[in-house]
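Next comes data_11.cif, a file with mmCIF, C-alpha atoms and all ligand atoms.
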```
data_run
#
loop_
_atom_site.label_atom_id
_atom_site.label_comp_id
_atom_site.auth_asym_id
_atom_site.auth_seq_id
_atom_site.Cartn_x
_atom_site.Cartn_y
_atom_site.Cartn_z
CA GLY I 1 184.11 86.38 71.49
CA SER I 2 185.66 83.26 72.95
CA ASP I 3 185.23 84.45 76.54
CA ARG I 4 181.51 84.59 76.11
CA THR I 5 181.46 81.10 74.66
CA LEU I 6 183.40 79.91 77.66
CA ASP I 7 181.03 81.68 80.03
CA ARG I 8 178.07 80.01 78.42
CA ASP I 9 179.82 76.63 78.37
CA CYS I 10 180.35 76.92 82.09
CA THR I 11 176.78 77.56 83.13
CA THR I 12 175.81 74.16 84.38
CA LEU I 13 172.38 73.39 85.75
CA SER I 14 173.32 73.38 89.43
CA ARG I 15 175.15 76.69 89.12
CA HIS I 16 172.18 78.19 87.33
CA VAL I 17 169.78 77.19 90.12
CA LEU I 18 172.07 78.77 92.70
CA GLN I 19 172.32 81.98 90.67
CA GLN I 20 168.57 82.43 90.78
CA LEU I 21 168.35 82.19 94.55
CA GLN I 22 170.40 83.37 97.49
CA SER I 23 173.23 80.94 96.83
CA PHE I 24 173.91 80.03 100.42
CA SER I 25 170.34 79.69 101.62
CA PRO I 26 169.25 76.17 102.53
CA GLU I 27 166.51 76.41 99.92
CA ALA I 28 169.01 77.18 97.15
CA GLN I 29 171.24 74.33 98.21
CA ASP I 30 168.32 71.92 98.30
CA LEU I 31 166.93 72.94 94.92
CA SER I 32 170.32 72.82 93.30
CA ALA I 33 170.90 69.32 94.66
CA LEU I 34 167.41 68.20 93.58
CA MET I 35 167.90 69.50 90.04
CA ASN I 36 171.27 67.84 89.89
CA ARG I 37 169.63 64.53 90.72
CA ILE I 38 166.98 65.02 88.06
CA ALA I 39 169.75 65.74 85.57
CA LEU I 40 171.50 62.51 86.56
CA ALA I 41 168.30 60.53 86.03
CA GLY I 42 167.92 62.18 82.63
CA LYS I 43 171.46 61.27 81.66
CA LEU I 44 170.95 57.64 82.67
CA VAL I 45 167.73 57.35 80.68
CA ALA I 46 169.27 59.14 77.67
CA ARG I 47 172.26 56.81 77.72
CA ARG I 48 170.06 53.73 77.70
CA LEU I 49 167.86 55.11 74.93
CA SER I 50 170.84 55.91 72.75
CA HIS I 51 171.81 52.22 72.62
CA ALA I 52 168.35 50.74 72.94
CA GLY I 53 168.16 49.06 69.54
CA LEU I 54 171.58 47.45 69.99
CA MET I 55 170.93 45.79 73.32
CA GLU I 56 168.86 42.79 74.33
CA GLY I 57 165.98 43.34 76.72
CA VAL I 58 165.64 47.11 76.45
CA LEU I 59 162.72 47.57 74.08
CA GLY I 60 159.26 45.99 73.99
CA PHE I 61 156.65 45.17 76.59
CA THR I 62 157.08 43.53 79.99
CA GLY I 63 153.70 41.79 79.72
CA GLU I 64 152.35 43.71 82.73
CA VAL I 65 149.55 46.28 82.83
CA ASN I 66 150.01 49.35 85.09
CA VAL I 67 147.54 51.11 87.42
CA GLN I 68 146.32 53.17 84.49
CA GLY I 69 145.39 50.04 82.55
CA GLU I 70 148.19 50.60 80.04
CA SER I 71 150.64 47.92 78.87
CA VAL I 72 154.00 48.51 80.49
CA LYS I 73 157.16 48.77 78.43
CA LYS I 74 160.58 47.71 79.64
CA MET I 75 161.78 51.30 79.23
CA ASP I 76 158.94 52.54 81.49
CA VAL I 77 160.15 50.23 84.25
CA TYR I 78 163.80 51.07 83.71
CA ALA I 79 163.19 54.83 83.79
CA ASN I 80 160.90 54.56 86.80
CA ASP I 81 163.62 52.66 88.70
CA VAL I 82 166.30 55.13 87.65
CA PHE I 83 164.48 57.96 89.42
CA ILE I 84 164.01 55.81 92.51
CA SER I 85 167.66 54.84 92.81
CA VAL I 86 168.92 58.32 92.05
CA PHE I 87 166.68 59.88 94.72
CA LYS I 88 167.32 57.14 97.29
CA GLN I 89 170.82 58.53 97.59
CA SER I 90 169.77 62.17 97.63
CA GLY I 91 168.70 62.40 101.25
CA LEU I 92 166.28 65.15 100.23
CA VAL I 93 163.26 63.28 99.01
CA CYS I 94 161.19 61.17 101.31
CA ARG I 95 158.54 60.19 98.81
CA LEU I 96 158.20 59.67 95.08
CA ALA I 97 155.03 59.20 93.08
CA SER I 98 154.87 58.30 89.42
CA GLU I 99 152.62 57.24 86.61
CA GLU I 100 153.98 53.71 86.93
CA MET I 101 153.29 53.19 90.65
CA GLU I 102 149.85 52.80 92.16
CA LYS I 103 150.97 54.18 95.51
CA PRO I 104 153.68 56.63 96.52
CA TYR I 105 157.08 55.11 97.11
CA TYR I 106 158.63 55.98 100.46
CA ILE I 107 162.33 56.13 101.20
CA PRO I 108 162.21 55.70 104.98
CA GLU I 109 165.91 56.44 105.49
CA ASN I 110 165.35 59.93 104.01
CA CYS I 111 162.10 60.69 105.79
CA PRO I 112 163.31 62.46 108.92
CA ILE I 113 165.08 65.12 106.84
CA GLY I 114 163.82 64.74 103.27
CA ARG I 115 160.91 67.13 103.15
CA TYR I 116 160.33 67.05 99.40
CA THR I 117 158.15 64.92 97.19
CA LEU I 118 159.07 64.13 93.62
CA LEU I 119 156.22 63.51 91.20
CA TYR I 120 157.20 62.21 87.79
CA ASP I 121 156.29 60.54 84.56
CA PRO I 122 159.40 58.51 83.78
CA ILE I 123 158.61 58.04 80.06
CA ASP I 124 156.22 60.39 78.34
CA GLY I 125 155.17 59.22 74.91
CA SER I 126 155.66 55.51 75.57
CA SER I 127 154.21 54.57 72.19
CA ASN I 128 157.29 56.17 70.56
CA THR I 129 159.73 53.99 72.49
CA ASP I 130 160.12 51.09 70.09
CA ASN I 131 160.36 53.35 67.03
CA ASN I 132 163.33 55.49 68.02
CA LEU I 133 161.21 58.64 68.17
CA SER I 134 161.16 61.48 70.68
CA LEU I 135 160.33 60.76 74.31
CA GLY I 136 160.31 62.76 77.50
CA SER I 137 160.36 62.63 81.28
CA ILE I 138 158.25 65.06 83.31
CA PHE I 139 158.97 66.11 86.89
CA SER I 140 157.45 68.18 89.66
CA ILE I 141 158.83 68.91 93.12
CA ARG I 142 156.63 69.82 96.06
CA LYS I 143 157.36 70.42 99.71
CA GLN I 144 155.97 67.72 101.89
CA GLU I 145 153.41 69.32 104.17
CA GLY I 146 152.84 68.16 107.73
CA ASP I 147 153.54 64.64 108.83
CA ASP I 148 151.04 63.04 106.56
CA VAL I 149 153.05 60.23 105.13
CA ASP I 150 150.06 57.98 104.53
CA GLU I 151 149.43 56.12 101.31
CA THR I 152 146.87 58.58 100.02
CA ALA I 153 149.49 61.38 99.97
CA SER I 154 146.64 63.77 100.69
CA ASP I 155 149.05 66.62 101.42
CA LEU I 156 149.54 66.71 97.63
CA PHE I 157 145.91 67.60 97.14
CA THR I 158 146.59 71.32 96.85
CA PRO I 159 146.77 73.50 93.71
CA GLY I 160 149.66 73.15 91.26
CA ARG I 161 150.69 76.69 92.21
CA ASN I 162 152.36 75.05 95.21
CA GLN I 163 154.94 73.31 93.04
CA ILE I 164 158.40 74.59 93.86
CA ALA I 165 160.05 73.27 90.72
CA ALA I 166 158.89 71.57 87.55
CA GLY I 167 160.03 70.77 84.06
CA TYR I 168 160.86 68.05 81.62
CA ILE I 169 163.66 66.25 79.87
CA LEU I 170 163.28 65.83 76.13
CA TYR I 171 165.06 62.89 74.51
CA GLY I 172 165.30 64.07 70.92
CA PRO I 173 168.25 64.44 68.56
CA SER I 174 169.82 66.14 71.61
CA THR I 175 168.77 65.60 75.18
CA MET I 176 167.41 68.79 76.70
CA LEU I 177 166.28 69.76 80.16
CA VAL I 178 163.78 72.58 80.65
CA TYR I 179 162.91 73.77 84.14
CA THR I 180 161.38 76.48 86.27
CA ILE I 181 161.58 77.28 89.96
CA GLY I 182 159.07 80.10 89.53
CA LYS I 183 161.69 82.47 88.13
CA GLY I 184 161.30 82.01 84.41
CA VAL I 185 161.92 79.05 82.14
CA HIS I 186 165.37 77.95 81.12
CA SER I 187 166.67 75.26 78.80
CA PHE I 188 169.82 73.19 78.94
CA THR I 189 171.32 70.83 76.38
CA LEU I 190 173.24 67.73 77.33
CA ASP I 191 176.80 67.90 76.05
CA PRO I 192 177.57 64.18 75.86
CA SER I 193 181.33 64.76 75.80
CA LEU I 194 181.15 66.64 79.11
CA GLY I 195 178.27 64.68 80.54
CA GLU I 196 176.76 67.98 81.66
CA PHE I 197 173.62 69.92 80.90
CA ILE I 198 174.79 73.33 79.65
CA LEU I 199 172.59 76.43 79.58
CA THR I 200 171.24 77.07 76.08
CA GLN I 201 168.40 79.55 76.60
CA GLU I 202 167.46 81.69 79.56
CA ASN I 203 164.05 83.23 80.26
CA ILE I 204 162.24 81.61 77.36
CA LYS I 205 159.08 83.50 76.37
CA ILE I 206 156.33 81.78 74.45
CA PRO I 207 154.88 83.84 71.56
CA ASP I 208 151.37 85.19 72.29
CA LYS I 209 150.12 83.46 69.17
CA GLY I 210 151.43 80.67 66.96
CA SER I 211 150.45 78.69 63.91
CA VAL I 212 150.68 75.15 65.27
CA TYR I 213 147.78 73.16 66.67
CA SER I 214 148.63 69.83 68.19
CA VAL I 215 145.88 67.30 68.91
CA ASN I 216 145.06 63.68 68.13
CA GLU I 217 142.36 64.13 65.51
CA GLY I 218 141.78 60.39 65.53
CA ASN I 219 139.54 61.15 68.51
CA PHE I 220 137.38 63.58 66.50
CA TRP I 221 134.11 61.70 66.91
CA GLN I 222 134.77 60.95 70.57
CA TRP I 223 135.06 64.64 71.44
CA ASP I 224 132.46 67.06 72.56
CA GLU I 225 130.91 69.10 69.75
CA SER I 226 132.71 72.28 70.94
CA ILE I 227 136.15 70.77 70.29
CA ARG I 228 134.99 69.51 66.88
CA GLU I 229 133.81 73.04 66.10
CA TYR I 230 137.20 74.46 67.09
CA VAL I 231 139.01 71.99 64.82
CA ARG I 232 136.62 72.81 61.96
CA TYR I 233 137.45 76.48 62.52
CA VAL I 234 141.18 75.66 62.27
CA HIS I 235 140.59 73.68 59.06
CA ARG I 236 138.86 76.53 57.30
CA THR I 237 141.28 79.21 58.53
CA GLU I 238 144.46 79.74 56.56
CA GLY I 239 147.82 79.53 58.30
CA TYR I 240 147.46 76.65 60.77
CA SER I 241 149.74 73.61 60.71
CA ALA I 242 149.03 70.32 62.48
CA ARG I 243 151.88 68.75 64.46
CA TYR I 244 151.39 65.72 66.70
CA SER I 245 154.20 63.38 67.66
CA GLY I 246 152.63 61.11 70.28
CA ALA I 247 154.89 62.56 72.99
CA MET I 248 153.51 65.74 74.49
CA VAL I 249 156.87 66.77 75.91
CA SER I 250 158.12 67.17 72.37
CA ASP I 251 154.88 68.74 71.09
CA ILE I 252 154.71 71.19 73.99
CA HIS I 253 158.41 72.00 73.63
CA ARG I 254 157.70 73.07 70.05
CA VAL I 255 154.77 75.17 71.25
CA LEU I 256 156.96 76.75 73.97
CA LEU I 257 159.52 77.88 71.40
CA GLN I 258 157.31 78.70 68.41
CA GLY I 259 153.87 79.28 69.86
CA GLY I 260 150.56 77.56 69.18
CA VAL I 261 148.40 75.22 71.20
CA PHE I 262 148.45 71.60 72.37
CA LEU I 263 145.16 69.97 73.35
CA TYR I 264 144.21 66.71 74.99
CA PRO I 265 140.49 67.21 75.55
CA GLY I 266 138.14 64.86 77.32
CA THR I 267 136.07 62.43 75.29
CA ARG I 268 132.48 61.43 75.78
CA GLU I 269 133.59 58.21 77.44
CA LYS I 270 136.43 59.83 79.38
CA PRO I 271 135.45 63.42 80.17
CA GLU I 272 138.73 63.98 82.02
CA GLY I 273 140.79 62.87 79.02
CA LYS I 274 143.97 60.87 79.35
CA LEU I 275 146.59 63.04 81.01
CA ARG I 276 147.26 63.01 84.73
CA LEU I 277 147.27 66.19 86.81
CA LEU I 278 150.06 65.82 89.34
CA TYR I 279 152.90 64.60 87.16
CA GLU I 280 151.80 65.54 83.64
CA THR I 281 149.49 68.53 83.24
CA ALA I 282 150.42 70.57 86.36
CA PRO I 283 154.20 70.56 85.80
CA LEU I 284 153.80 71.45 82.12
CA ALA I 285 151.30 74.17 83.08
CA PHE I 286 153.83 75.64 85.54
CA VAL I 287 156.48 75.79 82.78
CA ILE I 288 154.17 77.33 80.18
CA GLU I 289 152.72 79.91 82.61
CA GLN I 290 156.21 80.92 83.65
CA ALA I 291 157.02 81.45 79.96
CA GLY I 292 154.00 83.74 79.58
CA GLY I 293 151.50 81.22 78.21
CA ARG I 294 148.44 79.54 79.68
CA ALA I 295 147.11 76.09 80.56
CA THR I 296 143.46 75.36 81.24
CA THR I 297 141.00 72.50 81.45
CA GLY I 298 138.66 74.61 79.33
CA HIS I 299 136.89 75.83 82.47
CA MET I 300 139.65 76.36 84.98
CA GLU I 301 143.37 77.15 85.04
CA ILE I 302 145.29 73.87 85.45
CA LEU I 303 147.35 75.35 88.29
CA ASP I 304 144.16 75.98 90.29
CA VAL I 305 142.89 72.41 90.02
CA VAL I 306 143.10 70.49 93.28
CA ALA I 307 143.61 66.75 92.96
CA LYS I 308 141.24 64.42 94.76
CA LYS I 309 143.37 61.38 94.07
CA LEU I 310 146.94 60.67 93.09
CA HIS I 311 146.32 59.59 89.51
CA GLN I 312 143.58 62.12 88.74
CA ARG I 313 143.21 63.15 85.10
CA THR I 314 142.38 66.53 83.58
CA PRO I 315 141.66 67.77 80.08
CA LEU I 316 144.50 69.99 78.86
CA ILE I 317 144.61 73.03 76.59
CA ILE I 318 148.06 74.60 76.79
CA GLY I 319 150.18 77.08 74.88
CA SER I 320 150.13 80.66 73.59
CA LYS I 321 147.68 82.99 75.34
CA GLN I 322 145.66 83.86 72.26
CA ASP I 323 145.46 80.30 70.94
CA VAL I 324 144.36 78.95 74.31
CA ALA I 325 141.73 81.70 74.57
CA LYS I 326 140.38 80.72 71.15
CA VAL I 327 139.84 77.09 72.18
CA GLU I 328 138.34 78.26 75.45
CA SER I 329 135.83 80.47 73.70
CA PHE I 330 134.61 77.48 71.66
CA ILE I 331 134.20 75.49 74.88
CA GLN I 332 132.52 78.29 76.82
CA ASN I 333 130.58 80.17 74.12
CA GLY I 334 130.50 77.80 71.17
CA HIS I 335 132.53 80.06 68.84
P1 LIG I 401 152.17 58.15 78.33
O1 LIG I 401 152.79 58.90 79.48
O2 LIG I 401 151.58 56.86 78.76
O3 LIG I 401 153.11 57.99 77.20
O4 LIG I 401 150.90 59.02 77.84
C1 LIG I 401 151.03 60.39 77.56
C2 LIG I 401 151.07 60.61 76.06
C3 LIG I 401 151.40 62.02 75.65
O5 LIG I 401 152.76 62.24 75.59
C4 LIG I 401 150.79 62.11 74.28
O6 LIG I 401 150.49 63.42 73.88
C5 LIG I 401 149.57 61.27 74.42
O7 LIG I 401 149.79 60.39 75.51
C6 LIG I 401 149.29 60.48 73.20
O8 LIG I 401 148.12 59.78 73.39
P2 LIG I 401 147.18 59.42 72.15
O9 LIG I 401 147.85 58.29 71.44
O10 LIG I 401 145.90 59.00 72.79
O11 LIG I 401 147.03 60.63 71.29
MG MG I 402 152.70 60.02 80.65
#
```
Could I get this file's structure written as structure tokens?
Amino acid sequence: GSDRTLDRDCTTLSRHVLQQLQSFSPEAQDLSALMNRIALAGKLVARRLSHAGLMEGVLGFTGEVNVQGESVKKMDVYANDVFISVFKQSGLVCRLASEEMEKPYYIPENCPIGRYTLLYDPIDGSSNTDNNLSLGSIFSIRKQEGDDVDETASDLFTPGRNQIAAGYILYGPSTMLVYTIGKGVHSFTLDPSLGEFILTQENIKIPDKGSVYSVNEGNFWQWDESIREYVRYVHRTEGYSARYSGAMVSDIHRVLLQGGVFLYPGTREKPEGKLRLLYETAPLAFVIEQAGGRATTGHMEILDVVAKKLHQRTPLIIGSKQDVAKVESFIQNGH
């Protein structure tokens, strides 16, 4: 009835975070405030994207190359700065680290009290930016351990299981925010007329098996033979569909809802693949594990991998339990 609709319409993100924890605990207050800030960053990026083609100076390249050796787009810089300015005012975060910055960014005025670190990829799927296709932002929140505020951020070199919150924002036909604080996975949709993320699905469970496989087959001859064998298996087995958008947030969102597997394996030249552990593969692994799926490098659960450096890469095989196990058995046993 209408009351239920109203109830659902009123579950905003910050309220939802509080509901999952002891509302008045300091931890609940902090996490609610942190998620609120992430939502604000998402709204700012979504707003800019929705007008991008109409405005001067929003799309295209800056002419710079980032630490990863990738050409930087204007939207990458904009979104990176959005997170910085939003969290500067939060008081809670002393340090941010992102795909676009070689070293962590410190906010000294927050450091005496701000004991959290935000790790993020401001724009996931950059190659989609200039074509008005789906994009994402990925985030991970960790507690800052000890007083190690040096440039290496070595206190972050612990397993992904230590994340206290993680998720992504998907800029698609609607803007969605999906998050976990270790108590299930929940999705919110931005209602542009309210300017609020409203709860759309609680406790999302990924199917144990799906029909989608999502991988860039253009890399076929750069892969290890075991991955080629897996893809040959998929080709000769009825019932698989290929889906690959160029933005893993959108591909993994599909896998979360409908099941299947997303892979970004290593190549012979780059055995660790392309994706970065701390702000790409670990946060997505946390979400998918919380939904009942798995994420592995092929040899080790992603959440057990310990970074040795800030921008460390890992191979990624993520999705439904059975589909991930299938890929794994090709890697480990050749079939
Ligand atoms: P980005 O953060 O620089 O955009 O890189 C991550 C993206 C993923 O979203 C996507 O799955 C992958 O890189 C696409 O790379 P490729 O073109 O090599 O398949
Ligand atoms: Mg990225």
- Just give me the residues with any atom within 12 Å of (177.3, 66.1, 78.1), file coordinates, counting all atoms listed in the file, written as an MDAnalysis selection string. chainID I and resid 9:10 12:13 39:40 42:44 46:47 174:177 188:199
- Hey, which residues come within 10 Å of ligand LIG 401 (chain I) if we count all atoms listed in the file? Could you give them as a ChimeraX atom specification? /I:66,68-73,76,99-100,120-129,134-138,214-219,244-252,262-264,273-276,279-280
- What separation in Å, quoted to one decimal, exists between atom CA of I:Arg232 and atom CA of I:Ile206? 25.0 Å
Please enclose the listed atoms of stretch 247-258 of chain I in an axis-aligned box, pad each side by 6 Å, and write out the centre and the three edge lengths in Å, rounded to one decimal, as AutoDock Vina command-line options.
```
--center_x 156.5 --center_y 70.6 --center_z 72.2 --size_x 18.0 --size_y 28.1 --size_z 19.5
```
- Using all atoms listed in the file, determine which residues lie at most 6 Å from I:Ile164, disregarding the query and same-chain residues fewer than 4 positions distant; provide the list as a ChimeraX atom specification. /I:141-142,181
Next, write the just-selected residues to a file, as a PDB file, in the frame of the given file, keeping C-alpha atoms as the atom set.
```pdb
ATOM      1  CA  ILE I 141     158.830  68.910  93.120  1.00  0.00           C
ATOM      2  CA  ARG I 142     156.630  69.820  96.060  1.00  0.00           C
ATOM      3  CA  ILE I 181     161.580  77.280  89.960  1.00  0.00           C
TER       4      ILE I 181
END
```
- Message: Just the number, please: distance in Å from atom CA of I:Ala97 to atom CA of I:Leu118, one decimal.
- Response: 6.4 Å
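Note that atom CA of I:Asp224 and atom CA of I:Thr296 are 16.3 Å apart.
Minimum atom-to-atom distance to I:Leu284, evaluated using all atoms listed in the file, belongs to I:Gly167 out of I:Gly167, I:Gly239, I:Gly182, I:Gly266.
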- Task: For the point (148.6, 72.3, 60.3) in the file's frame, write as a PyMOL selection string all residues with an atom no more than 9 Å away, counting all atoms listed in the file.
- Result: chain I and resi 211-214+234-235+239-243
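Using all atoms listed in the file for every distance, the candidate list I:Asp30, I:Asp81, I:Asp130, I:Glu272 yields I:Asp130 as the residue closest to I:Gly57.
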- Pick out the closest residue to I:Ala165 from this set: I:Asn132, I:Ser32, I:Ser329, I:Gln22. Count all atoms listed in the file. I:Ser32
- Residues within 8 Å of I:His186, only C-alpha atoms, excluding chain neighbours under 4 positions, as a ChimeraX atom specification: /I:178-180,199-204
- Message: What's around stretch 298-303 of chain I at 7 Å? Count all atoms listed in the file, leave out sequence neighbours fewer than 2 positions away in its own chain, and write the answer as a ChimeraX atom specification.
- Response: /I:159-161,282,285,295-296,305,317,328,331
Would you mind exporting the chosen residues as a tab-separated table (two decimals), in the coordinates of the input, restricted to C-alpha atoms?
```
chain	number	residue	atom	x	y	z
I	159	PRO	CA	146.77	73.50	93.71
I	160	GLY	CA	149.66	73.15	91.26
I	161	ARG	CA	150.69	76.69	92.21
I	282	ALA	CA	150.42	70.57	86.36
I	285	ALA	CA	151.30	74.17	83.08
I	295	ALA	CA	147.11	76.09	80.56
I	296	THR	CA	143.46	75.36	81.24
I	305	VAL	CA	142.89	72.41	90.02
I	317	ILE	CA	144.61	73.03	76.59
I	328	GLU	CA	138.34	78.26	75.45
I	331	ILE	CA	134.20	75.49	74.88
```
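Using all atoms listed in the file, the shortest contact distance between I:Val185 and any of I:His253, I:Arg95, I:Lys308, I:Lys209 is found at I:His253.
Take the candidates I:Gly334, I:Gly114, I:Gly60, I:Pro104 and check each one against I:Phe87 using all atoms listed in the file; the shortest distance goes to I:Gly114.
Across I:Ala41, I:Pro315, I:Leu133, I:Ser98, the tightest approach to I:Pro173 is made by I:Leu133 when counting only C-alpha atoms.
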